[in-house]
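Asks: My structure is below; once you've seen it, I'll send some questions.
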Amino acid sequence: MKKYASFFRIRFTTGLQYRIAAYAGIATQFAWGFMEVLMFRAFYRADAAAFPMSFSQLSSYIWLQQAFLALFMTWFFDNDIFASITGGNIAYELVRPMDLYGMWFVKNLASRLSKAVLRCMPILVVAAFLPVPYKLLLPVSFPSFLVFLFSMLLGFCMVVAFGMLIPLCFRNPYDRRFADGVSFRSGCPSAVFTGQYPRNPGASAVCIHAESAVFDLCGIYFLW
Amino acid sequence: MIQLTDICKTFKVAKRSAGMGEAVKALFKREYTLIPALKDVSFTIGDGEMVGYIGPNGAGKSSTIKIMSGILTPDSGECKINGLTPWKDRVEHVKNIGVVFGQRSQLWWDVPVIDSFELIKDIYKVEDSLFKRNLEEMVTLLNLQEIIKTPARQLSLGQRMRCEIAASLLHSPKILFLDEPTIGLDAVSKIAVRSFIRDINREHKTTVILTTHDMQDIEALTDRILLIGKGHILLDGPLQEIKKQHSRYKTLTVDYIGGPVPPAEGMRVTKALDGQLTAVVDTQVLSVSAAIAYLSERAEVSDISVTGATAEEMVVSLYEEYAI
């Protein structure tokens with residue numbers, strides 16, 4: 001277990017070095033978050049009764065989503081691993097007395113977590129100080145907060161495990177483009193099903209996403 | 001103990017001719033050729049041996065190393081290394097080996113070298129005391145004091161290679177595979193790396209298998225060479241013996257005073273200047289001493305030098321002999 005912990009540590013500290021990328025990420029997530037909140041505001045004005053939760057609950061959901069995006073983005077896969085497959089450095093990974101799946105899983109966990117740690121704090125803090133319907137609300141109780149953390153952990157592991165399917169799509173080491181295709185195409189339907197795209201944002205948005213999902217499924221079909 | 005028996009490996013390579021039409025055709029039907037990289041490769045290497053594995057580019061050297069280190073699975077054949085089959089018992093097997101691929105890096109790019117070493121320590125579960133001892137030894141022998149705290153990306157190639165070699169020896173492996181360890185290094189670094197490998201082999205009885213194109217590496221390090229060409233093992237024997245067989249011809253350069261000297265039988269003049277003669281002597285016809293005696297009888301010799309075949313020439317003549 002210690003080796004996995006060290007592996008995690010070194011990947012995590014490497015990830016923490018990319019400060020500029022983190023600033024850019026924070027800016028993007030803010031812009032995106034505000035856009036979504038404002039878009040939903042328009043939908044709520046049209047018919048608030050059509051939604052299963054209140055607008056301020058939804059705002060909290062969006063801010064959490066933006067803060068922890070790095071943990072749950074299904075279309076992201078650690079580039080180091082792709083590079084090691086195409087560049088041949090995988091030879092060094094195979095001469096280590098470790099299970100390759102475990103090694104890559106931990107690598108992925110660490111690189112996502114390092115991204116999230118850098119990005120989440122400013123977003124959470126700012127979102128907590130926004131005016132009332134738009135702000136991030138505190139959890140209703142401490143137990144529910146614990147359950148939230150636990151479900152977040154499970155979701156995180158689930159997303160990484162899903163991502164681990166992508167290197168399986170390499171039919172040979174030079175197949176980067178094929179695997180990229182699968183990873184990008186699979187990103188869209190999985191984003192819909194994991195709720196990263198709005199689940200009930202009015203008919204038009206659903207249509208657009210459904211359309212792109214169908215398009216993506218066709219893409220996967222033809223790529224195979 | 002390393003034992004390979006009838007190892008075969010074939011690679012499948014997609015092929016098409018040039019041109020747009022062919023490219024479109026290849027979209028629907030792709031043609032493959034099978035490239036046999038290794039054909040019935042067999043050899044045995046004892047503990048503590050130092051073996052040079054040579055052959056031209058694409059001969060199958062790296063494939064053999066990769067099979068022996070458990071990275072590639074051969075199509076057929078058997079390989080037993082200290083009782084284990086590398087590709088079947090990979091995790092168990094790789095605990096006992098160290099590998100350096102000269103063209104790749106095992107160090108983490110952005111962190112100081114020592115962090116990579118610490119990670120390797122945890123991966124191989126090296127005891128603290130052993131790690132400390134090994135690290136000290138590497139640091140002194142390879143002169144790493146200055147560079148161990150620098151991130152790998154800021155090291156020169158020579159510095160990085162010294163760190164790579166240290167990294168592959170931190171867990172005291174019984175077998176060390178070196179795939180072109182001196183590629184791209186300057187003379188000083190090459191000599192440092194060579195003397196280090198020699199020391200490791202002598203002191204720890206580490207088995208070393210070395211592939212290289214640098215014949216000085218082979219000459220400086222190995223007693224035994226394995227020659228591979230087109231996937232076959234062509235030659236296996238002590239370096240000196242092979243060298244002797246392939247050093248039938250010696251080159252004689254003579255400075256002399258006097259008129260032109262006619263060559264003796266078994267002597268072929270390659271360059272004749274006024275007062276200087278360069279000739280190749282076929283030692284099976286005429287011994288070197290007889291050639292010198294012959295020349296000094298006929299002219300007043302002021303300087304003379306004899307050069308035998310270098311390892312480089314020997315390898316070229318081997319490649320020619322086996323048409324690889």
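Going by the structure tokens order, chains are called A, B, ..., each with residues numbered from 1, while ligands are numbered from 1 in the order shown.
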Select all residues from chain A having any atom no more than 12 Å from an atom of chain B (counting only C-alpha atoms, ignoring ligands), output as a ChimeraX atom specification.

Replies: /A:1-18,80,84,87-100,103,172,174

Asks: Running DSSP on the backbone, which parts of region 105-261 of chain B land in strand (DSSP E or B), as a VMD selection string?

Replies: chain B and resid 112 151 175 to 179 207 to 211 224 to 229 232 to 238 249 to 257

Asks: Run DSSP on the backbone and give me the residues of region 190-302 of chain B it puts in helix (DSSP H, G or I), as a count of residues only.

Replies: 40

Asks: Within 8 Å of region 252-267 of chain B, counting only C-alpha atoms, which residues show up once you throw out same-chain ones fewer than 3 positions away? Write them as a list in words, please.

Replies: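 Here the qualifying residues turn out to be Asp274, Gly275, Gln276, Leu277, Thr278, Ala279, Val280, Val281, Asp282, Thr283, Val285, Leu286, Ala291, Tyr294, Leu295, Arg298, Ala299, Glu300, Val301, Ser302, Asp303, Ile304, Ser305, Val306 and Thr307 of chain B.
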
Asks: Keeping C-alpha atoms, export the residues of the selection given above as a PDB file, in the first residue's frame.

Replies:
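Full text of part.pdb as output:
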ATOM      1  CA  ASP B 274      58.186   9.009 -50.997  1.00  0.00           C
ATOM      2  CA  GLY B 275      59.745   7.666 -47.776  1.00  0.00           C
ATOM      3  CA  GLN B 276      56.507   6.237 -46.332  1.00  0.00           C
ATOM      4  CA  LEU B 277      54.759   2.973 -46.942  1.00  0.00           C
ATOM      5  CA  THR B 278      51.449   1.646 -45.670  1.00  0.00           C
ATOM      6  CA  ALA B 279      50.761  -2.017 -46.246  1.00  0.00           C
ATOM      7  CA  VAL B 280      48.243  -4.595 -45.089  1.00  0.00           C
ATOM      8  CA  VAL B 281      49.821  -7.852 -43.952  1.00  0.00           C
ATOM      9  CA  ASP B 282      47.955 -11.133 -44.190  1.00  0.00           C
ATOM     10  CA  THR B 283      49.255 -12.836 -41.055  1.00  0.00           C
ATOM     11  CA  VAL B 285      50.872 -15.860 -45.121  1.00  0.00           C
ATOM     12  CA  LEU B 286      53.445 -13.596 -43.563  1.00  0.00           C
ATOM     13  CA  ALA B 291      57.258  -8.480 -42.538  1.00  0.00           C
ATOM     14  CA  TYR B 294      61.763  -8.057 -44.692  1.00  0.00           C
ATOM     15  CA  LEU B 295      61.337  -4.289 -44.753  1.00  0.00           C
ATOM     16  CA  ARG B 298      65.690  -3.552 -47.782  1.00  0.00           C
ATOM     17  CA  ALA B 299      65.576  -0.015 -46.414  1.00  0.00           C
ATOM     18  CA  GLU B 300      66.675   2.013 -43.439  1.00  0.00           C
ATOM     19  CA  VAL B 301      63.541   2.138 -41.288  1.00  0.00           C
ATOM     20  CA  SER B 302      63.164   5.260 -39.134  1.00  0.00           C
ATOM     21  CA  ASP B 303      59.698   4.628 -37.682  1.00  0.00           C
ATOM     22  CA  ILE B 304      57.265   1.764 -37.723  1.00  0.00           C
ATOM     23  CA  SER B 305      53.771   1.162 -36.372  1.00  0.00           C
ATOM     24  CA  VAL B 306      51.518  -1.885 -36.414  1.00  0.00           C
ATOM     25  CA  THR B 307      47.781  -1.614 -35.941  1.00  0.00           C
TER      26      THR B 307
END

Asks: Residues within 10 Å of Thr73 (chain B), please, as a ChimeraX atom specification. Count only C-alpha atoms; anything in the same chain fewer than 4 positions from it doesn't count.

Replies: /B:7-9,63,66-69,77,86-88

Asks: So that I can see what lies close to region 226-235 of chain B, please list as a VMD selection string the residues with an atom at most 9 Å from it, counting only C-alpha atoms and leaving out residues fewer than 5 positions away in the same chain.

Replies: chain B and resid 8 to 9 36 to 43 51 to 61 242 318 to 319 322 to 324

Asks: Skipping near chain neighbours, those fewer than 3 positions away, what residues fall within 9 Å of Phe72 (chain A) using only C-alpha atoms, listed as a ChimeraX atom specification?

Replies: /A:65,68-69,75-76,112,155-156,158-160,194,196

Asks: Which residue, A:Leu58, A:Gly102, A:Ala116, A:Met53, has the smallest gap to Met39 (chain A) when you use only C-alpha atoms?

Replies: A:Leu58

Asks: Quick one: residues within 8 Å of Ala127 (chain A), only C-alpha atoms counted, chain neighbours fewer than 6 positions away excluded, as JSON, numbers by chain?

Replies: {"A": [63, 134, 135, 136]}

Asks: Mind giving me the straight-line distance from CA of Arg16 (chain B) to CA of Glu31 (chain B) in Å, one decimal?

Replies: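 Rounded to one decimal, the two atoms are 6.8 Å apart.
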
Asks: Just how far from CA of Asp179 (chain B) is CA of Asp128 (chain B), in Å to one decimal?

Replies: 28.8 Å
